[in-house]
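Below: start-v8.txt (compact mmCIF, C-alpha atoms)
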```txt
# COMPACT_ATOMS: atom_id res chain seq x y z
CA MET D 1 0.00 0.00 0.00
CA LEU D 2 1.35 3.42 -0.96
CA LEU D 3 0.33 6.68 0.63
CA PHE D 4 0.19 9.97 -1.27
CA ILE D 5 1.72 12.61 0.98
CA SER D 6 0.26 16.11 1.17
CA PRO D 7 2.74 18.87 0.29
CA ASN D 8 1.54 20.66 3.46
CA ALA D 9 2.76 17.88 5.77
CA THR D 10 5.66 18.78 8.03
CA LEU D 11 9.13 17.59 7.04
CA ALA D 12 9.30 15.24 10.06
CA LYS D 13 5.94 13.72 9.19
CA ARG D 14 6.85 13.32 5.53
CA THR D 15 10.11 11.65 6.53
CA LYS D 16 8.26 9.18 8.76
CA MET D 17 5.74 8.43 6.01
CA ASP D 18 8.49 7.89 3.44
CA GLY D 19 10.20 5.44 5.77
CA LEU D 20 6.94 3.59 6.40
CA ASN D 21 6.24 3.24 2.70
CA MET D 22 9.63 1.62 2.05
CA ASN D 23 9.65 -0.68 5.08
CA VAL D 24 7.67 -3.72 3.91
CA ILE D 25 7.05 -4.91 7.48
CA ASP D 26 5.89 -1.62 8.97
CA ARG D 27 3.67 -0.58 6.10
CA CYS D 28 1.78 -3.86 6.55
CA TRP D 29 0.32 -2.73 9.90
CA ARG D 30 1.41 0.75 11.02
CA TRP D 31 -0.95 2.60 8.64
CA ASN D 32 -3.89 0.98 10.41
CA PRO D 33 -5.22 3.46 13.03
CA ASN D 34 -7.17 0.60 14.61
CA TRP D 35 -4.21 -1.71 15.15
CA ARG D 36 -5.10 -2.06 18.86
CA SER D 37 -8.33 -3.85 18.00
CA ASN D 38 -6.57 -5.98 15.39
CA ARG D 39 -3.22 -6.73 17.00
CA GLN D 40 -2.96 -10.12 15.34
CA GLN D 41 -2.59 -8.43 11.94
CA LEU D 42 1.07 -8.14 12.93
CA ALA D 43 1.53 -11.91 12.42
CA THR D 44 0.87 -11.51 8.68
CA CYS D 45 3.61 -8.89 8.25
CA SER D 46 6.85 -10.79 8.82
CA VAL D 47 9.18 -11.73 5.99
CA GLY D 48 12.63 -13.28 5.74
CA PHE D 49 13.43 -16.77 6.98
CA ALA D 50 10.80 -16.73 9.75
CA GLY D 51 8.13 -16.37 7.06
CA LYS D 52 4.60 -15.40 8.02
CA MET D 53 3.72 -16.00 11.67
CA THR D 54 0.13 -17.05 11.00
CA ASN D 55 0.57 -20.20 13.09
CA ASN D 56 0.35 -17.83 16.06
CA ILE D 57 -3.19 -16.66 15.33
CA GLY D 58 -6.59 -18.11 14.52
CA THR D 59 -8.73 -20.67 16.30
CA GLY D 60 -7.85 -21.32 19.93
CA LEU D 61 -5.91 -18.11 20.54
CA THR D 62 -5.76 -16.92 24.16
CA GLN D 63 -5.41 -13.16 24.68
CA TYR D 64 -3.52 -12.60 27.91
CA VAL D 65 -2.82 -9.24 29.56
CA VAL D 66 0.15 -8.68 31.88
CA THR D 67 -1.05 -6.63 34.86
CA ASP D 68 1.64 -7.44 37.44
CA PRO D 69 5.37 -6.71 36.92
CA SER D 70 6.50 -9.05 39.71
CA ASP D 71 8.16 -12.40 39.05
CA ASN D 72 8.19 -15.76 40.82
CA PRO D 73 10.34 -18.24 38.82
CA LEU D 74 8.85 -21.40 40.39
CA ASP D 75 5.27 -20.37 41.15
CA PRO D 76 4.23 -17.60 38.73
CA LYS D 77 1.16 -15.58 39.68
CA PRO D 78 -1.68 -15.00 37.21
CA GLY D 79 -1.20 -11.59 35.63
CA THR D 80 2.61 -11.84 35.44
CA LEU D 81 4.61 -12.23 32.25
CA ARG D 82 6.04 -15.59 33.29
CA TYR D 83 2.57 -17.00 33.92
CA GLY D 84 1.47 -16.12 30.39
CA ALA D 85 4.66 -17.20 28.64
CA ALA D 86 5.13 -20.52 30.45
CA MET D 87 1.86 -21.73 31.99
CA ILE D 88 -0.77 -21.01 29.34
CA GLY D 89 -0.80 -23.72 26.71
CA GLY D 90 -1.46 -23.37 22.99
CA LYS D 91 -1.52 -20.08 21.11
CA LYS D 92 -1.34 -16.98 23.24
CA TRP D 93 -1.02 -13.28 22.45
CA ILE D 94 0.48 -11.42 25.42
CA THR D 95 -0.02 -7.67 25.87
CA PHE D 96 0.57 -5.24 28.74
CA GLN D 97 -2.06 -3.31 30.68
CA ARG D 98 0.28 -0.37 31.23
CA SER D 99 3.93 0.65 31.08
CA MET D 100 6.05 -1.32 33.54
CA ASN D 101 9.57 -2.35 34.56
CA ILE D 102 9.95 -6.11 34.95
CA ARG D 103 12.91 -7.51 36.85
CA LEU D 104 13.02 -11.23 36.15
CA GLU D 105 14.44 -13.24 39.06
CA LYS D 106 15.55 -16.06 36.73
CA PRO D 107 15.60 -16.54 32.92
CA LEU D 108 12.14 -16.53 31.34
CA LEU D 109 11.55 -19.64 29.20
CA ILE D 110 9.04 -18.83 26.46
CA SER D 111 6.79 -21.58 25.18
CA SER D 112 5.90 -22.28 21.55
CA PHE D 113 3.12 -20.31 19.81
CA THR D 114 3.69 -17.25 21.99
CA ALA D 115 3.53 -13.62 20.87
CA ILE D 116 4.79 -11.00 23.33
CA ASP D 117 3.45 -7.67 22.07
CA GLY D 118 4.66 -4.56 23.88
CA ARG D 119 2.91 -2.02 21.64
CA GLY D 120 1.01 0.71 23.46
CA ALA D 121 3.09 0.47 26.64
CA GLU D 122 6.70 1.12 27.57
CA VAL D 123 7.87 -2.25 28.84
CA HIS D 124 11.38 -2.69 30.23
CA ILE D 125 12.85 -6.08 31.05
CA ALA D 126 16.01 -5.09 32.85
CA GLY D 127 18.36 -5.41 35.77
CA ASN D 128 18.70 -9.16 36.16
CA ALA D 129 17.69 -12.22 34.11
CA CYS D 130 16.24 -11.94 30.61
CA LEU D 131 14.63 -14.03 27.85
CA MET D 132 15.33 -17.55 26.60
CA ILE D 133 13.67 -19.56 23.84
CA TYR D 134 14.63 -23.21 24.37
CA LYS D 135 13.46 -25.94 22.00
CA ALA D 136 10.42 -23.85 21.05
CA SER D 137 8.99 -22.51 17.79
CA ASN D 138 6.50 -19.98 16.41
CA ILE D 139 7.42 -17.09 18.68
CA ILE D 140 7.09 -13.31 18.19
CA ILE D 141 8.84 -10.81 20.46
CA HIS D 142 7.84 -7.27 19.58
CA GLY D 143 8.16 -3.86 21.18
CA LEU D 144 10.22 -4.58 24.30
CA ARG D 145 13.12 -2.69 25.86
CA ILE D 146 15.59 -5.27 27.16
CA HIS D 147 18.76 -4.09 28.87
CA HIS D 148 21.22 -4.51 31.73
CA CYS D 149 20.78 -8.29 31.71
CA LYS D 150 23.00 -10.08 34.22
CA ALA D 151 24.82 -13.40 34.23
CA GLN D 152 23.07 -16.09 36.28
CA GLY D 153 24.16 -19.30 37.91
CA PRO D 154 22.32 -22.62 37.48
CA SER D 155 18.69 -22.52 38.58
CA SER D 156 15.25 -24.05 38.14
CA VAL D 157 12.27 -22.20 36.67
CA MET D 158 8.70 -22.83 35.61
CA GLY D 159 8.93 -23.75 31.95
CA PRO D 160 6.60 -24.54 29.06
CA GLY D 161 3.84 -26.96 29.91
CA SER D 162 3.84 -25.79 33.53
CA LYS D 163 6.86 -27.98 34.26
CA ILE D 164 9.76 -27.10 36.52
CA MET D 165 12.89 -27.13 34.35
CA PRO D 166 16.59 -26.87 35.18
CA VAL D 167 18.46 -23.99 33.53
CA GLY D 168 22.23 -24.02 33.36
CA PRO D 169 24.37 -20.92 33.89
CA VAL D 170 23.62 -18.04 31.52
CA ASP D 171 26.04 -15.34 30.45
CA GLY D 172 23.74 -12.35 30.54
CA ASP D 173 22.26 -12.09 27.04
CA ALA D 174 19.15 -10.04 26.34
CA ILE D 175 17.57 -12.79 24.19
CA ARG D 176 18.99 -16.28 23.81
CA LEU D 177 17.70 -18.84 21.30
CA VAL D 178 18.68 -22.47 21.86
CA THR D 179 17.44 -25.09 19.35
CA ALA D 180 14.61 -22.69 18.42
CA SER D 181 12.87 -22.29 15.08
CA LYS D 182 10.50 -19.91 13.34
CA VAL D 183 11.14 -16.91 15.58
CA TRP D 184 10.53 -13.25 14.72
CA LEU D 185 12.19 -10.49 16.77
CA ASP D 186 10.88 -7.08 15.68
CA HIS D 187 11.04 -3.48 16.96
CA ASN D 188 12.89 -4.20 20.20
CA THR D 189 15.51 -1.98 21.84
CA LEU D 190 18.44 -3.88 23.34
CA TYR D 191 21.53 -2.53 25.11
CA GLU D 192 24.11 -2.79 27.89
CA CYS D 193 23.99 -6.47 28.86
CA ASP D 194 26.71 -8.52 30.57
CA ASP D 195 27.47 -10.69 27.52
CA GLY D 196 25.62 -10.15 24.24
CA LEU D 197 22.31 -8.80 23.05
CA LEU D 198 21.18 -11.76 20.93
CA ASP D 199 22.46 -15.36 20.71
CA ILE D 200 21.02 -17.74 18.10
CA THR D 201 22.64 -21.11 18.71
CA ARG D 202 22.53 -24.93 18.86
CA GLY D 203 20.60 -25.68 15.69
CA SER D 204 18.25 -22.69 15.78
CA THR D 205 16.97 -21.72 12.33
CA ASP D 206 14.31 -19.85 10.35
CA ILE D 207 14.79 -16.61 12.26
CA THR D 208 14.03 -13.00 11.26
CA VAL D 209 15.62 -10.15 13.23
CA SER D 210 14.07 -6.88 12.03
CA ASN D 211 13.58 -3.23 13.00
CA ASN D 212 15.56 -3.55 16.24
CA TRP D 213 17.90 -1.00 17.77
CA PHE D 214 21.12 -2.47 19.14
CA ARG D 215 23.34 0.01 20.98
CA TYR D 216 25.99 0.46 23.69
CA GLN D 217 27.29 -3.10 23.56
CA ASN D 218 30.56 -4.93 23.01
CA LYS D 219 29.24 -8.24 21.61
CA VAL D 220 25.97 -7.68 19.76
CA MET D 221 24.70 -10.74 17.88
CA LEU D 222 26.08 -14.29 17.80
CA LEU D 223 24.82 -16.78 15.19
CA GLY D 224 26.13 -20.29 15.87
CA HIS D 225 27.14 -21.96 19.14
CA ASP D 226 30.81 -22.85 18.76
CA ASP D 227 33.23 -24.12 16.13
CA GLY D 228 32.45 -27.76 17.00
CA PHE D 229 28.66 -27.59 16.78
CA LEU D 230 27.95 -28.94 13.29
CA ARG D 231 24.15 -28.67 13.53
CA ASP D 232 24.47 -24.93 13.01
CA LYS D 233 25.25 -25.67 9.35
CA ASN D 234 21.46 -25.64 8.83
CA MET D 235 20.98 -22.21 10.45
CA LYS D 236 19.24 -19.53 8.35
CA VAL D 237 18.79 -16.01 9.69
CA THR D 238 17.54 -12.78 8.11
CA VAL D 239 18.90 -9.57 9.67
CA MET D 240 17.03 -6.58 8.23
CA TYR D 241 16.08 -2.94 8.91
CA ASN D 242 18.07 -2.85 12.16
CA HIS D 243 20.05 0.06 13.59
CA PHE D 244 23.45 -0.91 15.04
CA GLY D 245 24.96 1.80 17.23
CA PRO D 246 26.08 4.00 18.65
CA ASN D 247 28.95 2.39 20.55
CA CYS D 248 28.74 -1.17 19.26
CA ASN D 249 32.06 -2.99 19.05
CA GLN D 250 31.63 -6.28 17.18
CA ARG D 251 29.31 -9.16 16.12
CA MET D 252 26.71 -7.45 13.94
CA PRO D 253 26.50 -10.43 13.42
CA ARG D 254 29.24 -12.99 14.02
CA ILE D 255 28.25 -16.22 12.29
CA ARG D 256 29.46 -19.83 12.38
CA TYR D 257 28.67 -22.41 9.71
CA GLY D 258 25.17 -21.24 8.69
CA TYR D 259 23.71 -18.60 6.39
CA ALA D 260 22.87 -14.97 7.15
CA HIS D 261 21.15 -12.51 4.82
CA VAL D 262 22.13 -9.12 6.23
CA VAL D 263 20.09 -6.51 4.41
CA ASN D 264 19.09 -2.82 4.63
CA ASN D 265 20.69 -2.24 8.06
CA LEU D 266 22.30 0.94 9.36
CA TYR D 267 25.75 0.55 10.90
CA GLN D 268 26.65 3.59 12.98
CA GLY D 269 30.30 2.72 13.37
CA TRP D 270 32.14 -0.16 15.09
CA MET D 271 35.39 -0.68 16.93
CA GLN D 272 36.65 -4.17 16.00
CA TYR D 273 34.39 -5.12 13.07
CA ALA D 274 30.78 -5.19 11.93
CA ILE D 275 30.27 -8.61 10.25
CA GLY D 276 32.49 -11.57 11.05
CA GLY D 277 32.57 -15.32 11.26
CA SER D 278 34.29 -18.68 11.39
CA MET D 279 33.82 -22.23 10.14
CA ASN D 280 32.94 -21.48 6.51
CA PRO D 281 29.77 -19.41 6.93
CA SER D 282 27.76 -17.86 4.10
CA VAL D 283 26.93 -14.18 4.44
CA LYS D 284 25.18 -11.98 1.91
CA SER D 285 25.49 -8.35 2.91
CA GLN D 286 23.04 -6.46 0.74
CA ALA D 287 22.16 -2.77 0.49
CA ASN D 288 23.35 -1.90 3.98
CA LEU D 289 24.81 1.46 4.97
CA PHE D 290 28.19 1.11 6.67
CA ILE D 291 29.45 4.28 8.33
CA ALA D 292 33.01 3.62 9.46
CA PRO D 293 34.31 5.14 12.69
CA LYS D 294 36.25 8.38 12.38
CA SER D 295 39.41 6.61 13.49
CA GLY D 296 40.49 3.02 13.85
CA ASN D 297 39.36 0.02 11.82
CA LYS D 298 37.50 0.92 8.63
CA GLU D 299 37.09 -2.67 7.42
CA VAL D 300 33.57 -4.11 7.84
CA THR D 301 34.51 -7.80 7.91
CA TRP D 302 36.54 -10.11 10.14
CA ARG D 303 37.37 -13.79 9.74
CA SER D 304 38.53 -16.11 12.48
CA LYS D 305 40.86 -18.70 11.02
CA SER D 306 40.74 -21.94 13.03
CA SER D 307 43.67 -24.38 12.66
CA ASN D 308 44.12 -25.01 8.91
CA GLU D 309 40.82 -23.44 7.85
CA GLU D 310 41.05 -21.68 4.49
CA THR D 311 39.07 -18.44 4.69
CA SER D 312 39.27 -17.68 0.96
CA SER D 313 36.53 -20.27 0.28
CA TRP D 314 34.00 -18.62 2.62
CA GLN D 315 31.00 -16.97 1.03
CA PHE D 316 31.33 -13.36 2.25
CA PHE D 317 29.75 -11.00 -0.24
CA SER D 318 28.71 -7.38 -0.38
CA VAL D 319 26.01 -6.56 -2.93
CA ASP D 320 24.89 -2.94 -3.45
CA ASP D 321 26.09 -1.85 0.00
CA ALA D 322 26.90 1.81 0.66
CA PHE D 323 30.10 2.86 2.44
CA GLU D 324 30.89 6.12 4.22
CA ASN D 325 33.93 7.48 6.09
CA GLY D 326 36.24 5.09 4.27
CA ALA D 327 34.45 1.85 5.15
CA SER D 328 35.48 -1.19 3.09
CA PHE D 329 34.39 -4.81 2.66
CA VAL D 330 36.68 -7.72 1.79
CA HIS D 331 34.92 -10.36 -0.34
CA SER D 332 35.69 -14.07 -0.32
CA GLY D 333 34.31 -17.23 -1.91
CA THR D 334 33.12 -18.13 -5.38
CA ALA D 335 29.59 -16.70 -5.63
CA ALA D 336 30.50 -13.20 -6.83
CA GLY D 337 29.25 -13.78 -10.36
CA SER D 338 25.79 -14.76 -9.05
CA GLY D 339 25.43 -11.72 -6.81
CA GLY D 340 26.59 -13.44 -3.66
CA ALA D 341 25.20 -16.38 -1.72
CA LYS D 342 21.47 -16.30 -2.48
CA PRO D 343 18.96 -16.79 0.34
CA GLY D 344 16.53 -18.87 -1.73
CA TYR D 345 13.44 -17.48 -0.03
CA SER D 346 10.04 -19.08 -0.45
CA ARG D 347 7.12 -17.00 -1.63
CA GLU D 348 6.00 -16.07 1.89
CA GLN D 349 9.55 -15.22 2.96
CA PHE D 350 10.44 -13.02 0.00
CA PHE D 351 10.68 -9.23 0.14
CA SER D 352 12.04 -6.55 -2.17
CA VAL D 353 15.36 -5.06 -1.10
CA ALA D 354 15.46 -1.27 -0.93
CA ASP D 355 18.32 0.86 -2.23
CA ALA D 356 21.09 1.46 0.31
CA LYS D 357 20.47 5.21 -0.11
CA SER D 358 17.14 4.66 1.68
CA VAL D 359 18.56 2.90 4.75
CA ARG D 360 18.47 5.96 6.99
CA LEU D 361 14.75 6.32 6.32
CA LEU D 362 14.09 2.58 6.58
CA THR D 363 15.68 2.36 10.01
CA LYS D 364 14.49 5.71 11.40
CA SER D 365 11.87 3.96 13.56
CA ALA D 366 14.08 1.02 14.60
CA GLY D 367 13.63 -0.10 18.18
CA ALA D 368 10.58 -0.20 20.43
CA LEU D 369 7.94 2.21 19.10
CA ARG D 370 6.15 4.88 21.10
CA CYS D 371 2.48 4.29 20.33
CA THR D 372 0.29 7.00 21.84
CA PRO D 373 -3.38 6.32 22.60
CA ARG D 374 -4.67 8.64 19.89
CA SER D 375 -2.23 8.09 17.04
CA ARG D 376 -0.59 5.43 14.95
CA CYS D 377 2.67 3.93 16.08
```
Would you encode the structure as structure tokens?
Amino acid sequence: MLLFISPNATLAKRTKMDGLNMNVIDRCWRWNPNWRSNRQQLATCSVGFAGKMTNNIGTGLTQYVVTDPSDNPLDPKPGTLRYGAAMIGGKKWITFQRSMNIRLEKPLLISSFTAIDGRGAEVHIAGNACLMIYKASNIIIHGLRIHHCKAQGPSSVMGPGSKIMPVGPVDGDAIRLVTASKVWLDHNTLYECDDGLLDITRGSTDITVSNNWFRYQNKVMLLGHDDGFLRDKNMKVTVMYNHFGPNCNQRMPRIRYGYAHVVNNLYQGWMQYAIGGSMNPSVKSQANLFIAPKSGNKEVTWRSKSSNEETSSWQFFSVDDAFENGASFVHSGTAAGSGGAKPGYSREQFFSVADAKSVRLLTKSAGALRCTPRSRC
């Protein structure tokens, strides 16, 4: 849907509208002034490897409202986030009655067919444990502010199916995916955690990471568990419309073995590198805007060479990217003539890539949105 913009509109409003028109995810739902009464429309808007999230809506959906910011890891109270995410079976769409700060006592295990929708409230998950998706699928996390997550020792928590589950030590990531599939992370703001902001590991696949704002972090996004975990060869992740920075150091993303389509993102500098990897990954960097730091490393890519690994065979390709402040990208592999390692999207996963010149507009609304009661998001 295209919107014809009045010449009398303010410059700020025209800029927002232009960005909405180009962002294929946002224009699917943000033009709707009645989105609050049709929240599940969001599930039809995702693209990339997660595909459409329509398994999360339809017959049997429970609409659950978080009214209580407290947390009890072993005996969650009705009205709390943990109760909705772990103890309600089947499809559930979780919203928030009001703005709130949630301090999780232990990691929150999210069950399959869960949508956590923070639109219309300012929801912070901060100051202690954060989110984990473990052996679960069909999950949407949208509109949360997740920050200052802390490392945790081994513990037990209420998990999916209302079962007490052991959780090993965690490093302090904002969101951690372990053997997860079909997950969409959209319009979240993540920053200042003990370890990283997003880990996608141990055979996780079919993931879309879109419209998020990652900032003030050393290690940002890890794709792939470790160099010995061969199951990550099947990993497929789309990283699109995100804003990286300011003050991000590395891993935007760092990928092992699998495939990442990194497209239409804004990189507001880096210290060590922006995109890196090991163990023969495939990365297609397409129509991103890379703004190198004023001083220091201008090179976008980094490759970790393990033992006798030959990095020249890796598929690291830049296609139609834009570079500012002297940024550069070192290619490798054999797919240059075909435009880089192709994602091979299905019909429901496919989207049109915007020109890199439009990335500032595309990512202008990255992060958790401020949705006022009387206006669109």
Within 9 Å of (0.9, 1.6, 3.1) (file coordinates; all atoms listed in the file), which protein or nucleic acid residues are there? I'd like them as a short mmCIF file (atom, residue, chain, number, x, y, z; two decimals) with C-alpha atoms, keeping the file's coordinate frame.
```cif
data_model
loop_
_atom_site.label_atom_id
_atom_site.label_comp_id
_atom_site.auth_asym_id
_atom_site.auth_seq_id
_atom_site.Cartn_x
_atom_site.Cartn_y
_atom_site.Cartn_z
CA MET D 1 0.00 0.00 0.00
CA LEU D 2 1.35 3.42 -0.96
CA LEU D 3 0.33 6.68 0.63
CA MET D 17 5.74 8.43 6.01
CA LEU D 20 6.94 3.59 6.40
CA ASN D 21 6.24 3.24 2.70
CA MET D 22 9.63 1.62 2.05
CA VAL D 24 7.67 -3.72 3.91
CA ASP D 26 5.89 -1.62 8.97
CA ARG D 27 3.67 -0.58 6.10
CA CYS D 28 1.78 -3.86 6.55
CA TRP D 29 0.32 -2.73 9.90
CA ARG D 30 1.41 0.75 11.02
CA TRP D 31 -0.95 2.60 8.64
CA ASN D 32 -3.89 0.98 10.41
#
```
Pick from D:Met240, D:His331, D:Ile255, D:Gly276, whichever lies nearest to D:Leu289 using only C-alpha atoms: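 Answer, going by the shortest atom-to-atom distance: D:Met240.
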Using all atoms listed in the file, can you tell me which of D:Asn247, D:Thr44, D:Thr80, D:Thr114 comes closest to D:Thr62? D:Thr114
Closest of D:Leu108, D:Ala354, D:Ala274, D:Ile88 to D:Asn249, counting all atoms listed in the file, is D:Ala274
Selected residue, from D:His187, D:Arg256, D:Arg119, D:Arg82, that lies nearest to D:Ser99 when counting all atoms listed in the file: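 Checking each of D:His187, D:Arg256, D:Arg119, D:Arg82 against D:Ser99, counting all atoms listed in the file, the winner is D:Arg119.
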Tell me which protein, DNA and RNA residues are within 8 Å of D:Ala129, counting all atoms listed in the file, leaving out same-chain ones fewer than 6 positions away, and put them as a ChimeraX atom specification. /D:103-108,149-152,172
Using all atoms listed in the file, which residue out of D:Met53, D:Leu81, D:Val237, D:Ile291 lies closest to D:Tyr345?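 Checking each candidate against D:Tyr345, we get D:Val237 as the closest.
Among the candidates D:Gly333, D:Gly159, D:Pro343, D:Gly118, the residue lying nearest to D:Arg370 is D:Gly118 (atoms considered: only C-alpha atoms).
Taking atom CA of D:Asn234 and atom CA of D:Asn55 as the two end points, the separation is 22.0 Å.
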So what do you get for atom CA of D:Gln268 versus atom CA of D:Ser285, distance-wise?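 Separating atom CA of D:Gln268 from atom CA of D:Ser285 is a distance of 15.7 Å.
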Axis-aligned box over every listed atom of stretch 186-199 of chain D, padded by 6 Å per side: centre and edges in Å to one decimal, as JSON?
```
{"center_x": 19.2, "center_y": -8.7, "center_z": 23.1, "size_x": 28.6, "size_y": 25.4, "size_z": 26.9}
```
Contacts of D:Leu190 at 7 Å (all atoms listed in the file; same-chain gap of 2+ positions) as a PyMOL selection string: chain D and resi 145-147+174+188+197+213-215
What lies within 8 Å of D:Ser137 using all atoms listed in the file, ignoring chain neighbours under 4 positions off, as an NGL selection string? :D and (111-113 or 180-183)
Prev. selection, C-alpha atoms, output as a short mmCIF file (atom, residue, chain, number, x, y, z; two decimals), in the coordinates of the input:
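As written to disk, part_1.cif reads:
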```
data_model
loop_
_atom_site.label_atom_id
_atom_site.label_comp_id
_atom_site.auth_asym_id
_atom_site.auth_seq_id
_atom_site.Cartn_x
_atom_site.Cartn_y
_atom_site.Cartn_z
CA SER D 111 6.79 -21.58 25.18
CA SER D 112 5.90 -22.28 21.55
CA PHE D 113 3.12 -20.31 19.81
CA ALA D 180 14.61 -22.69 18.42
CA SER D 181 12.87 -22.29 15.08
CA LYS D 182 10.50 -19.91 13.34
CA VAL D 183 11.14 -16.91 15.58
#
```
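Atom pair atom CA of D:Ser282 / atom CA of D:Lys342: separated by 9.2 Å.
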